[in-house]
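Data block for work-v1.cif (mmCIF, C-alpha atoms and all ligand atoms):
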data_work
loop_
_atom_site.group_PDB
_atom_site.id
_atom_site.type_symbol
_atom_site.label_atom_id
_atom_site.label_comp_id
_atom_site.auth_asym_id
_atom_site.auth_seq_id
_atom_site.Cartn_x
_atom_site.Cartn_y
_atom_site.Cartn_z
ATOM 1 C CA MET A 158 4.462 -146.371 -9.619
ATOM 2 C CA HIS A 159 2.045 -146.201 -6.690
ATOM 3 C CA THR A 160 -0.225 -149.010 -5.604
ATOM 4 C CA ILE A 161 -2.745 -148.942 -2.777
ATOM 5 C CA GLU A 162 -0.330 -151.044 -0.766
ATOM 6 C CA SER A 163 2.580 -148.659 -1.267
ATOM 7 C CA ILE A 164 0.483 -145.605 -0.353
ATOM 8 C CA GLY A 165 -0.566 -146.962 3.040
ATOM 9 C CA ASN A 166 -3.670 -145.938 4.978
ATOM 10 C CA LEU A 167 -5.764 -143.925 2.534
ATOM 11 C CA LYS A 168 -7.782 -142.365 5.334
ATOM 12 C CA GLY A 169 -4.654 -141.348 7.182
ATOM 13 C CA ASN A 170 -2.657 -138.151 7.077
ATOM 14 C CA SER A 171 0.829 -139.510 6.778
ATOM 15 C CA ASN A 172 1.795 -138.424 3.270
ATOM 16 C CA ALA A 173 0.944 -135.940 0.532
ATOM 17 C CA ILE A 174 -1.136 -138.422 -1.445
ATOM 18 C CA THR A 175 -3.467 -139.303 1.407
ATOM 19 C CA ARG A 176 -3.685 -135.722 2.699
ATOM 20 C CA TRP A 177 -4.934 -134.432 -0.646
ATOM 21 C CA ALA A 178 -7.071 -137.503 -1.417
ATOM 22 C CA THR A 179 -9.757 -136.477 1.055
ATOM 23 C CA PHE A 180 -9.443 -132.737 0.462
ATOM 24 C CA GLY A 181 -12.803 -130.956 0.431
ATOM 25 C CA PRO A 182 -15.825 -132.006 2.469
ATOM 26 C CA TYR A 183 -18.585 -132.794 0.006
ATOM 27 C CA TYR A 184 -22.179 -133.895 0.461
ATOM 28 C CA ALA A 185 -22.125 -137.020 -1.728
ATOM 29 C CA MET A 186 -18.762 -138.647 -2.033
ATOM 30 C CA PHE A 187 -17.364 -142.133 -2.475
ATOM 31 C CA PRO A 188 -15.373 -143.406 0.507
ATOM 32 C CA ILE A 189 -11.799 -142.808 -0.597
ATOM 33 C CA ASP A 190 -10.686 -146.424 -0.184
ATOM 34 C CA PHE A 191 -13.635 -147.534 -2.336
ATOM 35 C CA ALA A 192 -12.582 -145.175 -5.161
ATOM 36 C CA PHE A 193 -8.984 -146.408 -5.031
ATOM 37 C CA SER A 194 -9.866 -150.099 -4.819
ATOM 38 C CA VAL A 195 -12.307 -149.951 -7.755
ATOM 39 C CA VAL A 196 -9.697 -148.200 -9.908
ATOM 40 C CA GLU A 197 -6.982 -150.663 -8.921
ATOM 41 C CA GLN A 198 -9.159 -153.751 -9.281
ATOM 42 C CA TYR A 199 -10.889 -152.958 -12.577
ATOM 43 C CA SER A 200 -8.226 -151.140 -14.607
ATOM 44 C CA LYS A 201 -4.545 -151.346 -15.495
ATOM 45 C CA VAL A 202 -1.789 -148.738 -15.513
ATOM 46 C CA GLY A 203 -2.221 -146.612 -18.640
ATOM 47 C CA ASP A 204 -5.953 -147.323 -18.999
ATOM 48 C CA TYR A 205 -8.474 -144.498 -19.337
ATOM 49 C CA ILE A 206 -11.067 -143.827 -16.641
ATOM 50 C CA LEU A 207 -14.146 -141.642 -16.984
ATOM 51 C CA ASP A 208 -16.243 -140.484 -14.049
ATOM 52 C CA PRO A 209 -19.145 -138.499 -15.537
ATOM 53 C CA PHE A 210 -20.411 -137.536 -12.044
ATOM 54 C CA ALA A 211 -17.076 -136.806 -10.471
ATOM 55 C CA GLY A 212 -18.106 -135.028 -7.248
ATOM 56 C CA ARG A 213 -14.952 -133.970 -5.434
ATOM 57 C CA CYS A 214 -12.996 -136.145 -7.909
ATOM 58 C CA SER A 215 -11.956 -139.035 -5.685
ATOM 59 C CA SER A 216 -11.992 -141.516 -8.578
ATOM 60 C CA VAL A 217 -10.177 -139.098 -10.913
ATOM 61 C CA TYR A 218 -7.563 -138.541 -8.251
ATOM 62 C CA ALA A 219 -7.232 -142.273 -7.575
ATOM 63 C CA GLY A 220 -6.751 -142.844 -11.300
ATOM 64 C CA GLY A 221 -4.027 -140.210 -11.487
ATOM 65 C CA VAL A 222 -2.161 -141.524 -8.470
ATOM 66 C CA LEU A 223 -2.386 -145.132 -9.682
ATOM 67 C CA GLY A 224 -1.068 -144.282 -13.154
ATOM 68 C CA ARG A 225 -4.319 -144.256 -15.110
ATOM 69 C CA ASN A 226 -5.442 -141.405 -17.368
ATOM 70 C CA SER A 227 -8.583 -140.044 -15.740
ATOM 71 C CA LEU A 228 -11.309 -137.735 -16.855
ATOM 72 C CA GLY A 229 -14.007 -136.309 -14.607
ATOM 73 C CA ILE A 230 -17.077 -134.212 -15.328
ATOM 74 C CA GLU A 231 -18.871 -132.342 -12.570
ATOM 75 C CA ILE A 232 -21.734 -129.883 -12.723
ATOM 76 C CA ASN A 233 -21.349 -128.485 -9.200
ATOM 77 C CA PRO A 234 -18.678 -125.749 -9.055
ATOM 78 C CA LEU A 235 -17.783 -126.782 -5.498
ATOM 79 C CA GLY A 236 -16.904 -130.328 -6.593
ATOM 80 C CA TRP A 237 -15.053 -128.916 -9.594
ATOM 81 C CA LEU A 238 -13.066 -126.594 -7.333
ATOM 82 C CA TYR A 239 -12.038 -129.314 -4.901
ATOM 83 C CA GLY A 240 -11.127 -131.558 -7.809
ATOM 84 C CA THR A 241 -9.105 -129.018 -9.724
ATOM 85 C CA THR A 242 -7.249 -128.049 -6.557
ATOM 86 C CA LYS A 243 -6.322 -131.548 -5.460
ATOM 87 C CA LEU A 244 -5.277 -132.569 -8.964
ATOM 88 C CA SER A 245 -3.076 -129.548 -9.451
ATOM 89 C CA PRO A 246 -2.672 -127.219 -6.463
ATOM 90 C CA ALA A 247 -0.952 -123.908 -7.166
ATOM 91 C CA PRO A 248 2.458 -123.277 -5.578
ATOM 92 C CA LYS A 249 2.002 -122.189 -1.991
ATOM 93 C CA GLU A 250 3.882 -118.895 -2.486
ATOM 94 C CA LEU A 251 1.347 -117.784 -5.111
ATOM 95 C CA VAL A 252 -1.548 -118.744 -2.855
ATOM 96 C CA VAL A 253 -0.072 -116.727 0.007
ATOM 97 C CA ASP A 254 0.341 -113.695 -2.290
ATOM 98 C CA ARG A 255 -3.311 -113.855 -3.286
ATOM 99 C CA LEU A 256 -4.360 -114.304 0.334
ATOM 100 C CA ALA A 257 -2.504 -111.094 1.209
ATOM 101 C CA ASP A 258 -4.051 -109.289 -1.792
ATOM 102 C CA ILE A 259 -7.628 -110.024 -0.823
ATOM 103 C CA TYR A 260 -6.959 -109.390 2.861
ATOM 104 C CA ASN A 261 -5.469 -105.972 2.043
ATOM 105 C CA GLN A 262 -8.580 -105.034 0.113
ATOM 106 C CA ARG A 263 -11.058 -106.063 2.820
ATOM 107 C CA ASN A 264 -11.671 -102.528 4.120
ATOM 108 C CA ASP A 265 -13.110 -101.560 0.732
ATOM 109 C CA TYR A 266 -16.012 -103.874 1.600
ATOM 110 C CA LYS A 267 -17.065 -102.362 4.933
ATOM 111 C CA ALA A 268 -20.061 -100.490 3.521
ATOM 112 C CA GLN A 269 -21.191 -103.582 1.604
ATOM 113 C CA ALA A 270 -20.837 -105.711 4.749
ATOM 114 C CA GLU A 271 -22.996 -103.332 6.756
ATOM 115 C CA GLN A 272 -25.808 -103.814 4.242
ATOM 116 C CA MET A 273 -25.736 -107.622 4.534
ATOM 117 C CA PRO A 274 -28.736 -109.347 6.175
ATOM 118 C CA GLU A 275 -28.663 -110.306 9.864
ATOM 119 C CA PHE A 276 -27.655 -113.900 9.098
ATOM 120 C CA TYR A 277 -24.173 -112.826 7.965
ATOM 121 C CA HIS A 278 -23.542 -110.731 11.079
ATOM 122 C CA LEU A 279 -24.456 -113.620 13.348
ATOM 123 C CA CYS A 280 -22.388 -115.998 11.249
ATOM 124 C CA PHE A 281 -19.151 -114.020 10.760
ATOM 125 C CA CYS A 282 -17.285 -111.309 12.660
ATOM 126 C CA ASP A 283 -16.730 -108.065 10.703
ATOM 127 C CA GLU A 284 -13.123 -108.945 9.828
ATOM 128 C CA VAL A 285 -14.139 -112.265 8.294
ATOM 129 C CA LEU A 286 -17.187 -110.881 6.528
ATOM 130 C CA THR A 287 -15.269 -108.078 4.769
ATOM 131 C CA PHE A 288 -12.465 -110.530 3.928
ATOM 132 C CA LEU A 289 -14.956 -112.982 2.372
ATOM 133 C CA LEU A 290 -16.627 -110.235 0.355
ATOM 134 C CA SER A 291 -13.208 -109.243 -0.947
ATOM 135 C CA ALA A 292 -12.436 -112.892 -1.777
ATOM 136 C CA ARG A 293 -15.737 -113.315 -3.595
ATOM 137 C CA ASP A 294 -15.139 -110.195 -5.633
ATOM 138 C CA ASN A 295 -11.439 -110.514 -6.392
ATOM 139 C CA LEU A 296 -10.596 -114.197 -6.707
ATOM 140 C CA LYS A 297 -10.766 -115.373 -10.314
ATOM 141 C CA TRP A 298 -11.168 -119.000 -9.345
ATOM 142 C CA GLN A 299 -12.492 -120.140 -12.728
ATOM 143 C CA THR A 300 -9.316 -119.197 -14.567
ATOM 144 C CA GLU A 301 -6.461 -118.687 -12.081
ATOM 145 C CA SER A 302 -4.866 -121.673 -10.402
ATOM 146 C CA ALA A 303 -3.731 -119.814 -7.261
ATOM 147 C CA ASP A 304 -7.191 -118.297 -6.829
ATOM 148 C CA ALA A 305 -8.897 -121.688 -7.243
ATOM 149 C CA THR A 306 -6.539 -123.227 -4.696
ATOM 150 C CA LEU A 307 -7.079 -120.394 -2.233
ATOM 151 C CA ILE A 308 -10.862 -120.327 -2.482
ATOM 152 C CA SER A 309 -10.971 -124.122 -2.068
ATOM 153 C CA ILE A 310 -9.019 -123.779 1.154
ATOM 154 C CA LEU A 311 -11.301 -120.943 2.318
ATOM 155 C CA LEU A 312 -14.328 -123.141 1.653
ATOM 156 C CA VAL A 313 -12.851 -126.065 3.559
ATOM 157 C CA TYR A 314 -12.342 -123.862 6.627
ATOM 158 C CA LEU A 315 -15.386 -121.633 6.285
ATOM 159 C CA HIS A 316 -17.515 -123.637 8.692
ATOM 160 C CA GLY A 317 -16.754 -126.113 11.416
ATOM 161 C CA LYS A 318 -16.871 -126.507 15.138
ATOM 162 C CA LEU A 319 -16.047 -123.333 17.069
ATOM 163 C CA GLY A 320 -12.348 -122.659 16.697
ATOM 164 C CA GLU A 321 -11.992 -124.920 13.672
ATOM 165 C CA GLY A 322 -13.632 -122.658 11.108
ATOM 166 C CA MET A 323 -14.215 -118.960 10.482
ATOM 167 C CA SER A 324 -17.957 -118.911 11.263
ATOM 168 C CA ASN A 325 -20.269 -119.218 14.228
ATOM 169 C CA GLN A 326 -21.028 -122.825 15.160
ATOM 170 C CA MET A 327 -24.005 -124.169 13.243
ATOM 171 C CA ARG A 328 -26.163 -127.167 13.822
ATOM 172 C CA GLN A 329 -24.748 -130.242 12.097
ATOM 173 C CA THR A 330 -27.322 -130.951 9.444
ATOM 174 C CA LYS A 331 -27.626 -131.103 5.695
ATOM 175 C CA ALA A 332 -29.084 -127.702 4.900
ATOM 176 C CA MET A 333 -30.465 -124.799 6.864
ATOM 177 C CA GLY A 334 -32.406 -121.723 5.832
ATOM 178 C CA TYR A 335 -31.274 -118.295 7.021
ATOM 179 C CA ASN A 336 -34.140 -117.950 9.489
ATOM 180 C CA TYR A 337 -33.573 -121.435 10.881
ATOM 181 C CA SER A 338 -29.957 -120.548 11.649
ATOM 182 C CA ILE A 339 -30.829 -117.160 13.127
ATOM 183 C CA ASN A 340 -33.405 -118.723 15.459
ATOM 184 C CA TRP A 341 -31.008 -121.536 16.393
ATOM 185 C CA TRP A 342 -28.228 -119.115 17.325
ATOM 186 C CA LYS A 343 -30.595 -116.890 19.311
ATOM 187 C CA GLU A 344 -32.182 -119.788 21.206
ATOM 188 C CA LYS A 345 -28.709 -120.931 22.235
ATOM 189 C CA GLY A 346 -27.504 -117.419 23.100
ATOM 190 C CA MET A 347 -24.812 -117.690 20.398
ATOM 191 C CA ILE A 348 -25.273 -114.223 18.984
ATOM 192 C CA GLU A 349 -21.563 -113.304 18.956
ATOM 193 C CA PRO A 350 -19.662 -114.891 16.062
ATOM 194 C CA PRO A 351 -16.112 -115.913 16.959
ATOM 195 C CA LYS A 352 -13.445 -113.241 16.528
ATOM 196 C CA VAL A 353 -11.162 -114.645 13.854
ATOM 197 C CA ASP A 354 -8.269 -112.943 12.100
ATOM 198 C CA PRO A 355 -8.746 -114.460 8.618
ATOM 199 C CA LEU A 356 -5.187 -113.763 7.438
ATOM 200 C CA ARG A 357 -3.576 -115.443 10.414
ATOM 201 C CA PHE A 358 -6.127 -118.262 10.417
ATOM 202 C CA ILE A 359 -5.664 -119.220 6.752
ATOM 203 C CA MET A 360 -1.886 -118.750 6.926
ATOM 204 C CA GLN A 361 -1.784 -121.257 9.770
ATOM 205 C CA LYS A 362 -3.758 -123.711 7.676
ATOM 206 C CA LEU A 363 -1.479 -123.195 4.693
ATOM 207 C CA ILE A 364 1.645 -123.630 6.770
ATOM 208 C CA GLY A 365 0.284 -126.476 8.859
ATOM 209 C CA ASP A 366 -2.065 -128.882 7.149
ATOM 210 C CA THR A 367 -1.044 -128.523 3.544
ATOM 211 C CA GLN A 368 2.556 -127.322 3.583
ATOM 212 C CA LYS A 369 4.226 -130.655 3.034
ATOM 213 C CA ALA A 370 1.735 -131.581 0.365
ATOM 214 C CA PHE A 371 2.381 -128.636 -1.938
ATOM 215 C CA PRO A 372 5.718 -129.647 -3.473
ATOM 216 C CA ASN A 373 5.985 -132.736 -5.688
ATOM 217 C CA PHE A 374 2.275 -133.277 -5.946
ATOM 218 C CA ARG A 375 1.953 -132.232 -9.562
ATOM 219 C CA GLU A 376 4.293 -135.013 -10.648
ATOM 220 C CA LYS A 377 2.172 -137.662 -9.002
ATOM 221 C CA VAL A 378 -1.005 -137.113 -10.906
ATOM 222 C CA GLN A 379 -1.674 -137.556 -14.581
ATOM 223 C CA SER A 380 -5.253 -136.514 -14.893
ATOM 224 C CA LEU A 381 -7.462 -134.334 -16.907
ATOM 225 C CA LEU A 382 -10.414 -132.636 -15.317
ATOM 226 C CA ALA A 383 -13.061 -131.595 -17.763
ATOM 227 C CA MET A 384 -15.802 -129.149 -17.026
ATOM 228 C CA LEU A 385 -19.225 -128.724 -18.455
ATOM 229 C CA PRO A 386 -19.879 -125.846 -20.888
ATOM 230 C CA GLY A 387 -20.527 -122.717 -18.859
ATOM 231 C CA ILE A 388 -17.672 -123.397 -16.528
ATOM 232 C CA ALA A 389 -15.504 -124.774 -19.307
ATOM 233 C CA SER A 390 -15.892 -121.700 -21.452
ATOM 234 C CA ASN A 391 -14.371 -119.550 -18.727
ATOM 235 C CA GLY A 392 -12.464 -122.241 -16.960
ATOM 236 C CA ARG A 393 -9.368 -124.266 -17.349
ATOM 237 C CA ALA A 394 -8.470 -127.898 -17.666
ATOM 238 C CA SER A 395 -5.789 -129.319 -15.429
ATOM 239 C CA GLU A 396 -3.345 -131.663 -16.995
ATOM 240 C CA SER A 397 -0.025 -132.615 -15.563
ATOM 241 C CA LYS A 398 1.560 -133.727 -18.792
HETATM 242 C C1 LIG B 401 -22.481 -139.347 -5.779
HETATM 243 S S1 LIG B 401 -21.741 -137.852 -6.308
HETATM 244 C C2 LIG B 401 -20.270 -138.363 -7.068
HETATM 245 C C3 LIG B 401 -19.267 -139.054 -6.238
HETATM 246 C C4 LIG B 401 -17.926 -139.175 -6.946
HETATM 247 N N1 LIG B 401 -17.961 -140.040 -8.111
HETATM 248 C C5 LIG B 401 -16.787 -139.544 -5.976
HETATM 249 O O1 LIG B 401 -15.795 -140.134 -6.434
HETATM 250 O O2 LIG B 401 -16.819 -139.181 -4.786
HETATM 251 C C6 LIG B 401 -22.703 -137.421 -7.745
HETATM 252 C C7 LIG B 401 -22.252 -136.134 -8.408
HETATM 253 O O3 LIG B 401 -22.874 -136.008 -9.682
HETATM 254 C C8 LIG B 401 -23.007 -134.630 -9.966
HETATM 255 N N2 LIG B 401 -23.969 -134.453 -11.053
HETATM 256 C C9 LIG B 401 -25.316 -134.606 -11.034
HETATM 257 N N3 LIG B 401 -25.846 -134.370 -12.256
HETATM 258 C C10 LIG B 401 -24.818 -134.090 -13.081
HETATM 259 C C11 LIG B 401 -24.718 -133.778 -14.464
HETATM 260 N N4 LIG B 401 -25.791 -133.711 -15.228
HETATM 261 N N5 LIG B 401 -23.502 -133.557 -14.980
HETATM 262 C C12 LIG B 401 -22.383 -133.616 -14.212
HETATM 263 N N6 LIG B 401 -22.405 -133.905 -12.886
HETATM 264 C C13 LIG B 401 -23.601 -134.141 -12.314
HETATM 265 C C14 LIG B 401 -23.456 -134.050 -8.646
HETATM 266 O O4 LIG B 401 -23.204 -132.657 -8.573
HETATM 267 C C15 LIG B 401 -22.602 -134.860 -7.645
HETATM 268 O O5 LIG B 401 -21.426 -134.162 -7.336
#
The structure in this file should be written as structure tokens.
Amino acid sequence: MHTIESIGNLKGNSNAITRWATFGPYYAMFPIDFAFSVVEQYSKVGDYILDPFAGRCSSVYAGGVLGRNSLGIEINPLGWLYGTTKLSPAPKELVVDRLADIYNQRNDYKAQAEQMPEFYHLCFCDEVLTFLLSARDNLKWQTESADATLISILLVYLHGKLGEGMSNQMRQTKAMGYNYSINWWKEKGMIEPPKVDPLRFIMQKLIGDTQKAFPNFREKVQSLLAMLPGIASNGRASESK
């Protein structure tokens, strides 16, 4: 059975538990060590934990890792996606298959991409934009585990500093309107989005950052992620046992 002490540095990257614990940047999240310490301090192994505002599911995840039965509810599909992925990521081989599927269909989206507003052409190169349109259209993330895992990973690496994500560098701030971004890029002369090969880029992330974390993870978490109606009616619940 895991304890905080046996896991080691929760903010570190040294094992599968800590790598997945902080998966998914999210706008309002508990510090991961806070989530773990509250669960450890105020509950026992086998207890039931409910987080009705689960966010990216740090507390649900902590409960699962520490041997509690955890239930989380989250209204924001992004939080739900990160949670469902970290609690029960699909096998990497299936994720890679789906990545190839949507990549192979990207050229069907060229005409649609051309019609997209200026923002998208300053934000993404053509390869990435057609790939993302294919992903949006073809990934059944509400019902298919591999698709949920893949789209979570795409979202994690969608934006970032130049070279770390698939988009043009944006100003680090909470929210920006389209026109704000367009003006910001133009003022800075950043009108060429980075050329990224999305297949190679995401494959590298799958092989690198998350490879070691994919096996064995399912056994470590005993959690149930509930969804609100709407998502729940089309969605799935993740339960390891
Ligand atoms: C502070 S965050 C949660 C942090 C989270 N407990 C953690 O461990 O990181 C609050 C969350 O509540 C969610 N939320 C707000 N209203 C909600 C509602 N009516 N039902 C479910 N979730 C809701 C928000 O989408 C947001 O993700």
Counting only C-alpha atoms and all ligand atoms, which protein, DNA or RNA residues come within 9 Å of ligand LIG 401 (chain B), given as a PyMOL selection string? chain A and resi 183-189+191-192+208-219+229-237+384-385
Decode the PyMOL selection byres (((chain A and resi 282-290) around 12) and not hetatm) for the given file into explicit residues and return them as a PyMOL selection string. chain A and resi 256-281+291-296+307-308+311-312+314-316+322-325+348-359
Nearest residue to Pro246 of chain A from the set A:Leu207, A:Ala173, A:Val195, A:Leu167 (distances using all atoms listed in the file):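 Looking at the shortest contact to Pro246 of chain A, the residue is A:Ala173.
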Atom CA of Glu321 of chain A and atom CA of Glu301 of chain A, how far apart in Å? 27.1 Å
Hey, which of A:Ile206, A:Met158, A:Ile339, A:Val252 ends up closest to Met327 of chain A? Count all atoms listed in the file. A:Ile339
Counting all atoms listed in the file, which residue out of A:Ser200, A:Gln329, A:Thr179, A:Thr300 sits closest to Leu244 of chain A? A:Thr179
One-decimal distance in Å that lies between atom CA of Gly181 of chain A and atom CA of Ser309 of chain A: 7.5 Å
Enter the distance from atom CA of Gly220 of chain A to atom CA of Val253 of chain A, in Å, rounded to one decimal.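 These atoms are spaced 29.2 Å apart.
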So that I can see what lies close to Asp204 of chain A, please list as a list in words the residues with an atom at most 10 Å from it, counting only C-alpha atoms and leaving out residues fewer than 6 positions away in the same chain.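 The residues that qualify are Val196, Gly220, Gly224, Arg225, Asn226 and Ser227 of chain A.
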Using only C-alpha atoms, please write the residues we just selected to a file, as a tab-separated table (two decimals), in the coordinates of the input.
chain	number	residue	atom	x	y	z
A	196	VAL	CA	-9.70	-148.20	-9.91
A	220	GLY	CA	-6.75	-142.84	-11.30
A	224	GLY	CA	-1.07	-144.28	-13.15
A	225	ARG	CA	-4.32	-144.26	-15.11
A	226	ASN	CA	-5.44	-141.40	-17.37
A	227	SER	CA	-8.58	-140.04	-15.74
Write out as a PyMOL selection string each polymer residue whose atoms come within 12 Å of Ser163 of chain A, counting all atoms listed in the file; drop sequence neighbours fewer than 3 positions from it. chain A and resi 158-160+166-167+172+174-175+222-223
